[in-house]
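Quick look at start39.pdb (PDB, C-alpha atoms, pLDDT in the B column):
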```
ATOM      1  CA  THR P   1     189.717 -13.483  -2.601  1.00 41.00           C
ATOM      2  CA  THR P   2     190.623 -15.596   0.386  1.00 43.00           C
ATOM      3  CA  ALA P   3     188.127 -18.279   1.383  1.00 45.00           C
ATOM      4  CA  LEU P   4     186.263 -17.637   4.600  1.00 46.00           C
ATOM      5  CA  PRO P   5     186.762 -20.121   7.449  1.00 51.00           C
ATOM      6  CA  ASP P   6     184.335 -23.004   7.608  1.00 55.00           C
ATOM      7  CA  ARG P   7     181.839 -21.459  10.018  1.00 54.00           C
ATOM      8  CA  LYS P   8     179.877 -24.709  10.269  1.00 55.00           C
ATOM      9  CA  LEU P   9     182.985 -26.524  11.518  1.00 56.00           C
ATOM     10  CA  PHE P  10     183.647 -23.849  14.143  1.00 55.00           C
ATOM     11  CA  ALA P  11     179.981 -23.797  15.160  1.00 55.00           C
ATOM     12  CA  GLN P  12     180.000 -27.587  15.586  1.00 57.00           C
ATOM     13  CA  LYS P  13     183.204 -27.473  17.650  1.00 56.00           C
ATOM     14  CA  LEU P  14     181.717 -24.769  19.838  1.00 54.00           C
ATOM     15  CA  LYS P  15     178.520 -26.783  20.241  1.00 55.00           C
ATOM     16  CA  ASN P  16     180.501 -29.904  21.146  1.00 53.00           C
ATOM     17  CA  ASP P  17     182.609 -27.939  23.617  1.00 51.00           C
ATOM     18  CA  ARG P  18     179.559 -26.512  25.380  1.00 46.00           C
ATOM     19  CA  ARG P  19     177.680 -29.818  25.416  1.00 43.00           C
ATOM     20  CA  PHE P  20     178.313 -31.420  28.778  1.00 37.00           C
ATOM     21  CA  GLN P  21     177.771 -35.120  29.238  1.00 36.00           C
ATOM     22  CA  GLN P  22     175.566 -36.056  32.171  1.00 35.00           C
ATOM     23  CA  THR P  23     177.432 -38.500  34.404  1.00 34.00           C
ATOM     24  CA  ASN P  24     176.281 -39.514  37.865  1.00 36.00           C
ATOM     25  CA  GLY P  25     173.942 -36.526  38.112  1.00 38.00           C
ATOM     26  CA  ARG P  26     176.706 -33.939  37.561  1.00 39.00           C
ATOM     27  CA  ARG P  27     178.079 -32.168  34.531  1.00 45.00           C
ATOM     28  CA  SER P  28     181.418 -33.449  33.353  1.00 43.00           C
ATOM     29  CA  THR P  29     183.979 -30.890  32.221  1.00 51.00           C
ATOM     30  CA  ASP P  30     186.903 -33.236  31.603  1.00 51.00           C
ATOM     31  CA  GLU P  31     189.365 -31.816  29.090  1.00 46.00           C
ATOM     32  CA  GLU P  32     189.390 -34.999  27.030  1.00 37.00           C
ATOM     33  CA  GLU P  33     185.715 -34.429  26.170  1.00 49.00           C
ATOM     34  CA  LYS P  34     186.500 -31.037  24.648  1.00 70.00           C
ATOM     35  CA  GLU P  35     187.531 -30.931  21.037  1.00 72.00           C
ATOM     36  CA  PRO P  36     190.883 -29.163  20.551  1.00 81.00           C
ATOM     37  CA  PHE P  37     191.585 -26.355  18.115  1.00 87.00           C
ATOM     38  CA  THR P  38     194.682 -26.207  15.942  1.00 91.00           C
ATOM     39  CA  GLU P  39     196.863 -23.183  15.232  1.00 93.00           C
ATOM     40  CA  GLU P  40     195.600 -23.220  11.636  1.00 94.00           C
ATOM     41  CA  GLU P  41     191.964 -23.105  12.789  1.00 94.00           C
ATOM     42  CA  VAL P  42     192.733 -20.156  15.064  1.00 95.00           C
ATOM     43  CA  PHE P  43     194.547 -18.475  12.170  1.00 96.00           C
ATOM     44  CA  ASP P  44     191.437 -18.972  10.032  1.00 95.00           C
ATOM     45  CA  MET P  45     189.494 -16.995  12.656  1.00 96.00           C
ATOM     46  CA  VAL P  46     191.753 -13.924  12.398  1.00 96.00           C
ATOM     47  CA  ARG P  47     193.174 -13.993   8.872  1.00 95.00           C
ATOM     48  CA  ASN P  48     190.289 -12.053   7.295  1.00 95.00           C
ATOM     49  CA  ILE P  49     190.175  -9.200   9.797  1.00 97.00           C
ATOM     50  CA  ASN P  50     190.396  -5.964   7.836  1.00 96.00           C
ATOM     51  CA  ASP P  51     193.201  -3.540   8.554  1.00 95.00           C
ATOM     52  CA  PRO P  52     191.755  -0.285   9.962  1.00 94.00           C
ATOM     53  CA  GLU P  53     193.808   1.907   7.586  1.00 91.00           C
ATOM     54  CA  HIS P  54     194.302  -0.175   4.452  1.00 90.00           C
ATOM     55  CA  PRO P  55     191.911  -2.057   2.147  1.00 91.00           C
ATOM     56  CA  PHE P  56     193.627  -5.350   2.949  1.00 94.00           C
ATOM     57  CA  THR P  57     193.259  -8.119   5.492  1.00 95.00           C
ATOM     58  CA  LEU P  58     195.738  -8.745   8.287  1.00 96.00           C
ATOM     59  CA  GLU P  59     196.864 -11.872   6.440  1.00 96.00           C
ATOM     60  CA  GLN P  60     197.479  -9.970   3.193  1.00 96.00           C
ATOM     61  CA  LEU P  61     199.606  -7.430   5.083  1.00 96.00           C
ATOM     62  CA  ALA P  62     201.492 -10.234   6.921  1.00 96.00           C
ATOM     63  CA  VAL P  63     200.369  -8.806  10.264  1.00 96.00           C
ATOM     64  CA  VAL P  64     199.185 -12.264  11.391  1.00 97.00           C
ATOM     65  CA  SER P  65     200.425 -15.726  10.442  1.00 95.00           C
ATOM     66  CA  ALA P  66     199.795 -19.290  11.571  1.00 95.00           C
ATOM     67  CA  PRO P  67     203.380 -19.804  12.865  1.00 95.00           C
ATOM     68  CA  ALA P  68     202.863 -16.867  15.266  1.00 96.00           C
ATOM     69  CA  ILE P  69     200.066 -18.749  17.067  1.00 96.00           C
ATOM     70  CA  ASP P  70     200.749 -21.085  19.976  1.00 95.00           C
ATOM     71  CA  ILE P  71     198.133 -23.190  21.756  1.00 93.00           C
ATOM     72  CA  SER P  72     199.169 -24.683  25.066  1.00 85.00           C
ATOM     73  CA  ARG P  73     197.729 -27.767  26.677  1.00 75.00           C
ATOM     74  CA  ARG P  74     196.182 -25.549  29.358  1.00 78.00           C
ATOM     75  CA  ASN P  75     193.770 -23.887  26.927  1.00 88.00           C
ATOM     76  CA  THR P  76     195.873 -20.787  26.427  1.00 92.00           C
ATOM     77  CA  ILE P  77     196.179 -19.273  22.983  1.00 95.00           C
ATOM     78  CA  ASN P  78     199.062 -16.890  22.427  1.00 95.00           C
ATOM     79  CA  ILE P  79     198.996 -14.952  19.195  1.00 97.00           C
ATOM     80  CA  LYS P  80     201.736 -12.538  18.184  1.00 97.00           C
ATOM     81  CA  PHE P  81     201.230 -10.011  15.445  1.00 97.00           C
ATOM     82  CA  THR P  82     203.562  -7.726  13.509  1.00 96.00           C
ATOM     83  CA  PRO P  83     202.451  -4.168  12.738  1.00 95.00           C
ATOM     84  CA  THR P  84     203.268  -2.979   9.226  1.00 91.00           C
ATOM     85  CA  ILE P  85     205.566  -0.218  10.547  1.00 93.00           C
ATOM     86  CA  PRO P  86     207.401   0.271  13.886  1.00 93.00           C
ATOM     87  CA  HIS P  87     205.358   3.363  14.787  1.00 92.00           C
ATOM     88  CA  CYS P  88     201.950   2.090  13.615  1.00 92.00           C
ATOM     89  CA  SER P  89     199.293   4.195  15.325  1.00 92.00           C
ATOM     90  CA  MET P  90     196.691   1.453  14.841  1.00 95.00           C
ATOM     91  CA  ALA P  91     198.610  -1.357  16.577  1.00 95.00           C
ATOM     92  CA  THR P  92     196.416  -1.247  19.697  1.00 95.00           C
ATOM     93  CA  LEU P  93     193.240  -1.300  17.599  1.00 96.00           C
ATOM     94  CA  ILE P  94     194.554  -4.226  15.535  1.00 97.00           C
ATOM     95  CA  GLY P  95     195.345  -6.167  18.702  1.00 96.00           C
ATOM     96  CA  LEU P  96     191.909  -5.350  20.113  1.00 97.00           C
ATOM     97  CA  CYS P  97     190.311  -6.633  16.900  1.00 97.00           C
ATOM     98  CA  ILE P  98     192.269  -9.896  17.099  1.00 97.00           C
ATOM     99  CA  ARG P  99     191.345 -10.366  20.776  1.00 96.00           C
ATOM    100  CA  THR P 100     187.670  -9.562  20.142  1.00 96.00           C
ATOM    101  CA  GLN P 101     187.451 -11.931  17.168  1.00 96.00           C
ATOM    102  CA  LEU P 102     188.949 -14.780  19.183  1.00 96.00           C
ATOM    103  CA  GLN P 103     186.734 -14.084  22.207  1.00 94.00           C
ATOM    104  CA  ARG P 104     183.673 -14.175  19.948  1.00 94.00           C
ATOM    105  CA  SER P 105     184.822 -17.307  18.082  1.00 93.00           C
ATOM    106  CA  LEU P 106     186.345 -19.557  20.740  1.00 92.00           C
ATOM    107  CA  PRO P 107     184.731 -21.364  23.674  1.00 91.00           C
ATOM    108  CA  PRO P 108     185.094 -19.490  26.970  1.00 91.00           C
ATOM    109  CA  ARG P 109     187.527 -22.115  28.333  1.00 90.00           C
ATOM    110  CA  PHE P 110     190.375 -20.467  26.407  1.00 92.00           C
ATOM    111  CA  LYS P 111     192.657 -17.799  27.826  1.00 93.00           C
ATOM    112  CA  ILE P 112     193.723 -15.492  25.029  1.00 95.00           C
ATOM    113  CA  ASP P 113     197.018 -13.584  24.992  1.00 95.00           C
ATOM    114  CA  VAL P 114     197.514 -11.117  22.149  1.00 96.00           C
ATOM    115  CA  GLU P 115     200.935  -9.518  21.795  1.00 96.00           C
ATOM    116  CA  ILE P 116     202.986  -7.512  19.367  1.00 96.00           C
ATOM    117  CA  GLU P 117     206.047  -9.427  18.209  1.00 95.00           C
ATOM    118  CA  GLU P 118     209.041  -8.196  20.215  1.00 93.00           C
ATOM    119  CA  GLY P 119     211.117  -5.620  18.352  1.00 92.00           C
ATOM    120  CA  THR P 120     208.488  -4.772  15.710  1.00 93.00           C
ATOM    121  CA  HIS P 121     206.956  -1.669  17.325  1.00 94.00           C
ATOM    122  CA  GLN P 122     208.324   1.223  19.339  1.00 93.00           C
ATOM    123  CA  SER P 123     205.711   0.772  22.122  1.00 94.00           C
ATOM    124  CA  VAL P 124     205.619  -3.028  22.425  1.00 94.00           C
ATOM    125  CA  LYS P 125     205.517  -3.219  26.227  1.00 95.00           C
ATOM    126  CA  GLN P 126     202.843  -0.573  26.714  1.00 94.00           C
ATOM    127  CA  ILE P 127     200.549  -1.934  24.005  1.00 95.00           C
ATOM    128  CA  ASN P 128     200.970  -5.553  25.127  1.00 94.00           C
ATOM    129  CA  LYS P 129     200.065  -4.505  28.663  1.00 95.00           C
ATOM    130  CA  GLN P 130     196.900  -2.792  27.403  1.00 94.00           C
ATOM    131  CA  LEU P 131     195.874  -5.690  25.173  1.00 94.00           C
ATOM    132  CA  ASN P 132     196.097  -8.235  27.978  1.00 92.00           C
ATOM    133  CA  ASP P 133     194.469  -6.152  30.720  1.00 93.00           C
ATOM    134  CA  LYS P 134     190.906  -7.454  30.984  1.00 92.00           C
ATOM    135  CA  GLU P 135     189.544  -4.253  32.553  1.00 94.00           C
ATOM    136  CA  ARG P 136     191.120  -2.017  29.886  1.00 93.00           C
ATOM    137  CA  VAL P 137     189.787  -4.199  27.075  1.00 94.00           C
ATOM    138  CA  THR P 138     186.299  -4.217  28.603  1.00 93.00           C
ATOM    139  CA  ALA P 139     186.376  -0.438  29.073  1.00 94.00           C
ATOM    140  CA  ALA P 140     187.580   0.083  25.498  1.00 93.00           C
ATOM    141  CA  LEU P 141     184.738  -2.001  24.081  1.00 93.00           C
ATOM    142  CA  GLU P 142     182.197  -0.025  26.098  1.00 94.00           C
ATOM    143  CA  ASN P 143     183.124   2.996  23.968  1.00 94.00           C
ATOM    144  CA  GLN P 144     180.582   2.913  21.130  1.00 95.00           C
ATOM    145  CA  LYS P 145     182.852   4.540  18.524  1.00 95.00           C
ATOM    146  CA  LEU P 146     185.717   2.177  19.292  1.00 94.00           C
ATOM    147  CA  ARG P 147     183.378  -0.838  19.238  1.00 94.00           C
ATOM    148  CA  GLU P 148     182.081   0.301  15.829  1.00 95.00           C
ATOM    149  CA  MET P 149     185.670   0.531  14.550  1.00 95.00           C
ATOM    150  CA  VAL P 150     186.371  -2.993  15.813  1.00 96.00           C
ATOM    151  CA  ASP P 151     183.164  -4.314  14.232  1.00 95.00           C
ATOM    152  CA  THR P 152     184.051  -2.634  10.926  1.00 94.00           C
ATOM    153  CA  CYS P 153     187.431  -4.392  10.937  1.00 95.00           C
ATOM    154  CA  LEU P 154     185.803  -7.716  11.811  1.00 95.00           C
ATOM    155  CA  TYR P 155     182.677  -7.597   9.667  1.00 92.00           C
ATOM    156  CA  GLY P 156     183.143  -4.851   7.099  1.00 85.00           C
ATOM    157  CA  ASN P 157     179.934  -2.885   6.773  1.00 62.00           C
ATOM    158  CA  ARG P 158     177.877  -5.541   8.555  1.00 53.00           C
ATOM    159  CA  SER P 159     177.422  -5.189  12.321  1.00 49.00           C
ATOM    160  CA  SER P 160     178.000  -7.967  14.841  1.00 50.00           C
ATOM    161  CA  ASP P 161     174.243  -7.939  15.541  1.00 50.00           C
ATOM    162  CA  GLU P 162     173.375  -9.347  12.108  1.00 47.00           C
TER
END
```
For the file at hand, write its structure as C-alpha coordinates.
Amino acid sequence: TTALPDRKLFAQKLKNDRRFQQTNGRRSTDEEEKEPFTEEEVFDMVRNINDPEHPFTLEQLAVVSAPAIDISRRNTINIKFTPTIPHCSMATLIGLCIRTQLQRSLPPRFKIDVEIEEGTHQSVKQINKQLNDKERVTAALENQKLREMVDTCLYGNRSSDE
(Lines of atoms letter the chains of each structure in order from A and count residues from 1; the text may use other names and numbers.)
(Lines give C-alpha, C1' and ligand atoms only; values in the text may rest on other atoms or scores of the structure.)
Protein backbone atom coordinates (compact mmCIF):
# COMPACT_ATOMS: atom_id res chain seq x y z
CA THR A 1 0.00 0.00 0.00
CA THR A 2 1.05 3.57 -0.57
CA ALA A 3 2.07 5.55 2.51
CA LEU A 4 -0.33 8.26 3.56
CA PRO A 5 0.94 11.85 3.52
CA ASP A 6 2.47 13.14 6.72
CA ARG A 7 -0.65 14.75 8.18
CA LYS A 8 1.33 16.26 11.05
CA LEU A 9 3.56 18.12 8.59
CA PHE A 10 0.56 19.48 6.69
CA ALA A 11 -1.20 20.40 9.94
CA GLN A 12 1.90 22.28 11.13
CA LYS A 13 2.22 24.13 7.81
CA LEU A 14 -1.44 25.08 7.97
CA LYS A 15 -1.03 26.25 11.57
CA ASN A 16 2.04 28.31 10.63
CA ASP A 17 0.22 29.80 7.66
CA ARG A 18 -2.76 30.87 9.76
CA ARG A 19 -0.62 32.21 12.61
CA PHE A 20 -0.25 35.93 12.07
CA GLN A 21 2.56 37.80 13.75
CA GLN A 22 1.49 40.87 15.69
CA THR A 23 3.45 43.88 14.45
CA ASN A 24 2.63 47.46 15.36
CA GLY A 25 -0.87 46.52 16.50
CA ARG A 26 -1.88 44.99 13.14
CA ARG A 27 -1.79 41.51 11.71
CA SER A 28 0.96 40.92 9.20
CA THR A 29 0.11 38.87 6.12
CA ASP A 30 3.41 39.22 4.27
CA GLU A 31 4.01 36.35 1.87
CA GLU A 32 7.50 35.70 3.21
CA GLU A 33 5.98 34.69 6.56
CA LYS A 34 3.92 31.96 4.92
CA GLU A 35 5.52 28.60 4.45
CA PRO A 36 5.41 27.45 0.81
CA PHE A 37 4.15 24.10 -0.43
CA THR A 38 5.94 22.04 -3.05
CA GLU A 39 4.41 20.19 -5.99
CA GLU A 40 5.29 16.91 -4.28
CA GLU A 41 3.44 17.93 -1.10
CA VAL A 42 0.37 18.86 -3.14
CA PHE A 43 0.65 15.53 -4.97
CA ASP A 44 0.72 13.77 -1.60
CA MET A 45 -2.64 15.41 -0.83
CA VAL A 46 -4.35 13.96 -3.92
CA ARG A 47 -2.49 10.74 -4.71
CA ASN A 48 -4.63 8.54 -2.45
CA ILE A 49 -8.03 9.72 -3.66
CA ASN A 50 -10.00 6.64 -4.66
CA ASP A 51 -11.32 6.35 -8.19
CA PRO A 52 -15.15 6.37 -8.13
CA GLU A 53 -15.41 3.32 -10.43
CA HIS A 54 -12.30 1.25 -9.74
CA PRO A 55 -10.72 -0.12 -6.55
CA PHE A 56 -7.57 1.90 -7.17
CA THR A 57 -6.26 5.33 -6.27
CA LEU A 58 -5.84 8.14 -8.77
CA GLU A 59 -2.07 7.67 -8.50
CA GLN A 60 -2.29 3.93 -9.24
CA LEU A 61 -4.38 4.67 -12.35
CA ALA A 62 -1.97 7.46 -13.43
CA VAL A 63 -4.82 9.97 -13.35
CA VAL A 64 -2.70 12.37 -11.25
CA SER A 65 1.07 12.85 -11.11
CA ALA A 66 3.48 15.29 -9.50
CA PRO A 67 4.75 16.68 -12.85
CA ALA A 68 1.17 17.73 -13.70
CA ILE A 69 1.11 20.14 -10.73
CA ASP A 70 2.29 23.73 -11.00
CA ILE A 71 2.49 26.19 -8.12
CA SER A 72 2.94 29.82 -9.06
CA ARG A 73 4.47 32.52 -6.92
CA ARG A 74 1.03 34.12 -6.61
CA ASN A 75 -0.39 31.23 -4.57
CA THR A 76 -2.09 29.55 -7.49
CA ILE A 77 -2.02 25.79 -7.79
CA ASN A 78 -2.81 24.34 -11.19
CA ILE A 79 -3.31 20.60 -11.31
CA LYS A 80 -4.01 18.72 -14.52
CA PHE A 81 -5.36 15.21 -14.50
CA THR A 82 -5.76 12.53 -17.15
CA PRO A 83 -8.94 10.42 -17.20
CA THR A 84 -8.37 6.72 -17.85
CA ILE A 85 -10.38 6.85 -21.10
CA PRO A 86 -11.35 9.73 -23.46
CA HIS A 87 -15.07 9.34 -22.72
CA CYS A 88 -14.80 8.77 -18.95
CA SER A 89 -18.20 9.52 -17.43
CA MET A 90 -16.62 10.16 -14.02
CA ALA A 91 -14.15 12.86 -15.12
CA THR A 92 -16.18 15.69 -13.56
CA LEU A 93 -16.52 13.79 -10.28
CA ILE A 94 -12.79 13.03 -10.23
CA GLY A 95 -11.99 16.71 -10.78
CA LEU A 96 -14.46 17.69 -8.05
CA CYS A 97 -12.77 15.24 -5.67
CA ILE A 98 -9.33 16.70 -6.43
CA ARG A 99 -10.61 20.27 -5.95
CA THR A 100 -12.41 19.38 -2.70
CA GLN A 101 -9.37 17.58 -1.27
CA LEU A 102 -7.12 20.55 -2.01
CA GLN A 103 -9.63 23.06 -0.62
CA ARG A 104 -9.84 21.02 2.59
CA SER A 105 -6.06 20.53 2.84
CA LEU A 106 -4.55 23.86 1.79
CA PRO A 107 -4.66 27.27 3.47
CA PRO A 108 -7.33 29.56 2.03
CA ARG A 109 -4.69 31.84 0.44
CA PHE A 110 -4.36 29.42 -2.48
CA LYS A 111 -6.34 29.67 -5.70
CA ILE A 112 -6.90 26.19 -7.06
CA ASP A 113 -7.32 25.40 -10.76
CA VAL A 114 -8.22 21.82 -11.64
CA GLU A 115 -8.21 20.86 -15.31
CA ILE A 116 -8.29 17.83 -17.54
CA GLU A 117 -5.12 17.51 -19.58
CA GLU A 118 -5.81 18.87 -23.07
CA GLY A 119 -6.58 16.14 -25.59
CA THR A 120 -7.30 13.38 -23.05
CA HIS A 121 -11.11 13.65 -22.89
CA GLN A 122 -13.82 14.36 -25.43
CA SER A 123 -15.40 17.11 -23.24
CA VAL A 124 -12.29 18.88 -21.93
CA LYS A 125 -13.55 22.45 -22.32
CA GLN A 126 -16.97 21.86 -20.79
CA ILE A 127 -15.65 19.91 -17.81
CA ASN A 128 -12.81 22.36 -17.15
CA LYS A 129 -15.33 25.21 -17.17
CA GLN A 130 -17.49 23.38 -14.61
CA LEU A 131 -14.57 22.47 -12.37
CA ASN A 132 -13.33 26.05 -12.13
CA ASP A 133 -16.71 27.76 -11.71
CA LYS A 134 -16.99 28.52 -7.99
CA GLU A 135 -20.80 28.71 -8.02
CA ARG A 136 -21.17 25.37 -9.85
CA VAL A 137 -18.76 23.65 -7.47
CA THR A 138 -20.57 25.07 -4.44
CA ALA A 139 -23.95 24.01 -5.84
CA ALA A 140 -22.66 20.52 -6.62
CA LEU A 141 -21.39 20.04 -3.07
CA GLU A 142 -24.75 21.12 -1.66
CA ASN A 143 -26.22 17.98 -3.22
CA GLN A 144 -26.04 15.40 -0.42
CA LYS A 145 -25.65 12.36 -2.70
CA LEU A 146 -22.86 13.99 -4.69
CA ARG A 147 -21.11 15.13 -1.49
CA GLU A 148 -21.32 11.55 -0.17
CA MET A 149 -19.74 10.28 -3.41
CA VAL A 150 -16.93 12.82 -3.06
CA ASP A 151 -16.39 11.89 0.59
CA THR A 152 -16.30 8.19 -0.31
CA CYS A 153 -13.56 8.89 -2.87
CA LEU A 154 -11.63 11.00 -0.37
CA TYR A 155 -12.09 8.99 2.81
CA GLY A 156 -13.33 5.54 1.83
CA ASN A 157 -16.07 4.48 4.21
CA ARG A 158 -15.19 7.16 6.75
CA SER A 159 -17.03 10.49 6.51
CA SER A 160 -15.36 13.90 6.54
CA ASP A 161 -17.01 14.54 9.92
CA GLU A 162 -14.87 11.94 11.70
(message) To one decimal place in Å, what is the distance between CA of Pro67 in chain P and CA of Asp151 in chain P?
(response)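 Separation of CA of Pro67 in chain P and CA of Asp151 in chain P: 25.5 Å.
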(request) Considering only C-alpha atoms, state which residue in the set P:Cys97, P:Val46, P:Ala140, P:Leu106 is at the smallest distance from Ala68 in chain P. (result) P:Val46
(message) As a check of understanding, name the residues that the PyMOL selection byres ((chain P and resi 94) around 12) selects in the supplied structure, as a PyMOL selection string.
(response) chain P and resi 46-47+49-54+57-58+63-64+80-84+88-93+95-101+114-116+127-128+131+146+149-154
Same residues, C-alpha atoms, saved as a PDB file, in the frame of the given file:
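Everything below was put into again.pdb:
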```pdb
ATOM      1  CA  VAL P  46     191.753 -13.924  12.398  1.00 96.00           C
ATOM      2  CA  ARG P  47     193.174 -13.993   8.872  1.00 95.00           C
ATOM      3  CA  ILE P  49     190.175  -9.200   9.797  1.00 97.00           C
ATOM      4  CA  ASN P  50     190.396  -5.964   7.836  1.00 96.00           C
ATOM      5  CA  ASP P  51     193.201  -3.540   8.554  1.00 95.00           C
ATOM      6  CA  PRO P  52     191.755  -0.285   9.962  1.00 94.00           C
ATOM      7  CA  GLU P  53     193.808   1.907   7.586  1.00 91.00           C
ATOM      8  CA  HIS P  54     194.302  -0.175   4.452  1.00 90.00           C
ATOM      9  CA  THR P  57     193.259  -8.119   5.492  1.00 95.00           C
ATOM     10  CA  LEU P  58     195.738  -8.745   8.287  1.00 96.00           C
ATOM     11  CA  VAL P  63     200.369  -8.806  10.264  1.00 96.00           C
ATOM     12  CA  VAL P  64     199.185 -12.264  11.391  1.00 97.00           C
ATOM     13  CA  LYS P  80     201.736 -12.538  18.184  1.00 97.00           C
ATOM     14  CA  PHE P  81     201.230 -10.011  15.445  1.00 97.00           C
ATOM     15  CA  THR P  82     203.562  -7.726  13.509  1.00 96.00           C
ATOM     16  CA  PRO P  83     202.451  -4.168  12.738  1.00 95.00           C
ATOM     17  CA  THR P  84     203.268  -2.979   9.226  1.00 91.00           C
ATOM     18  CA  CYS P  88     201.950   2.090  13.615  1.00 92.00           C
ATOM     19  CA  SER P  89     199.293   4.195  15.325  1.00 92.00           C
ATOM     20  CA  MET P  90     196.691   1.453  14.841  1.00 95.00           C
ATOM     21  CA  ALA P  91     198.610  -1.357  16.577  1.00 95.00           C
ATOM     22  CA  THR P  92     196.416  -1.247  19.697  1.00 95.00           C
ATOM     23  CA  LEU P  93     193.240  -1.300  17.599  1.00 96.00           C
ATOM     24  CA  GLY P  95     195.345  -6.167  18.702  1.00 96.00           C
ATOM     25  CA  LEU P  96     191.909  -5.350  20.113  1.00 97.00           C
ATOM     26  CA  CYS P  97     190.311  -6.633  16.900  1.00 97.00           C
ATOM     27  CA  ILE P  98     192.269  -9.896  17.099  1.00 97.00           C
ATOM     28  CA  ARG P  99     191.345 -10.366  20.776  1.00 96.00           C
ATOM     29  CA  THR P 100     187.670  -9.562  20.142  1.00 96.00           C
ATOM     30  CA  GLN P 101     187.451 -11.931  17.168  1.00 96.00           C
ATOM     31  CA  VAL P 114     197.514 -11.117  22.149  1.00 96.00           C
ATOM     32  CA  GLU P 115     200.935  -9.518  21.795  1.00 96.00           C
ATOM     33  CA  ILE P 116     202.986  -7.512  19.367  1.00 96.00           C
ATOM     34  CA  ILE P 127     200.549  -1.934  24.005  1.00 95.00           C
ATOM     35  CA  ASN P 128     200.970  -5.553  25.127  1.00 94.00           C
ATOM     36  CA  LEU P 131     195.874  -5.690  25.173  1.00 94.00           C
ATOM     37  CA  LEU P 146     185.717   2.177  19.292  1.00 94.00           C
ATOM     38  CA  MET P 149     185.670   0.531  14.550  1.00 95.00           C
ATOM     39  CA  VAL P 150     186.371  -2.993  15.813  1.00 96.00           C
ATOM     40  CA  ASP P 151     183.164  -4.314  14.232  1.00 95.00           C
ATOM     41  CA  THR P 152     184.051  -2.634  10.926  1.00 94.00           C
ATOM     42  CA  CYS P 153     187.431  -4.392  10.937  1.00 95.00           C
ATOM     43  CA  LEU P 154     185.803  -7.716  11.811  1.00 95.00           C
TER      44      LEU P 154
END
```
Find the axis-aligned box for range 126-133 of chain P, covering all its listed atoms and adding 6 Å on each side, and write its centre and edge lengths in Å to one decimal as lines of an AutoDock Vina configuration file.
```
center_x = 198.7
center_y = -4.4
center_z = 27.4
size_x = 20.4
size_y = 19.7
size_z = 18.7
```
(message) Residues within 8 Å of Phe43 in chain P, please, as a ChimeraX atom specification. Count all atoms listed in the file; anything in the same chain fewer than 6 positions from it doesn't count.
(response) /P:64-66,69
Dump C-alpha atoms for the selected residues as a PDB file, in the frame of the given file?
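The result, written out as out-v9.pdb:
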```
ATOM      1  CA  VAL P  64     199.185 -12.264  11.391  1.00 97.00           C
ATOM      2  CA  SER P  65     200.425 -15.726  10.442  1.00 95.00           C
ATOM      3  CA  ALA P  66     199.795 -19.290  11.571  1.00 95.00           C
ATOM      4  CA  ILE P  69     200.066 -18.749  17.067  1.00 96.00           C
TER       5      ILE P  69
END
```
(message) To one decimal place in Å, what is the distance between CA of Asp113 in chain P and CA of Asn75 in chain P?
(response)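 So the answer is 11.0 Å.
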(request) Tell me, in Å to one decimal, how far CA of Ala139 in chain P is from CA of Ile85 in chain P. (result) 26.7 Å
(message) Using only C-alpha atoms for the distances, tell me which of P:Lys34, P:Leu61, P:Met45, P:Pro55 is nearest to Gly156 in chain P.
(response)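 The closest residue to Gly156 in chain P is P:Pro55.
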(request) Find, counting only C-alpha atoms, the residue in P:Asp133, P:Glu117, P:Pro108, P:Arg147 that gets nearest to Asn78 in chain P. (result)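 Among the listed residues, the smallest separation from Asn78 in chain P belongs to P:Glu117.
Neighbouring residues of Asp70 in chain P at 9 Å or closer, counting all atoms listed in the file and skipping chain neighbours under 6 positions away, are Thr38, Glu39, Thr76, Ile77, Asn78, Ile79 and Lys80 of chain P.
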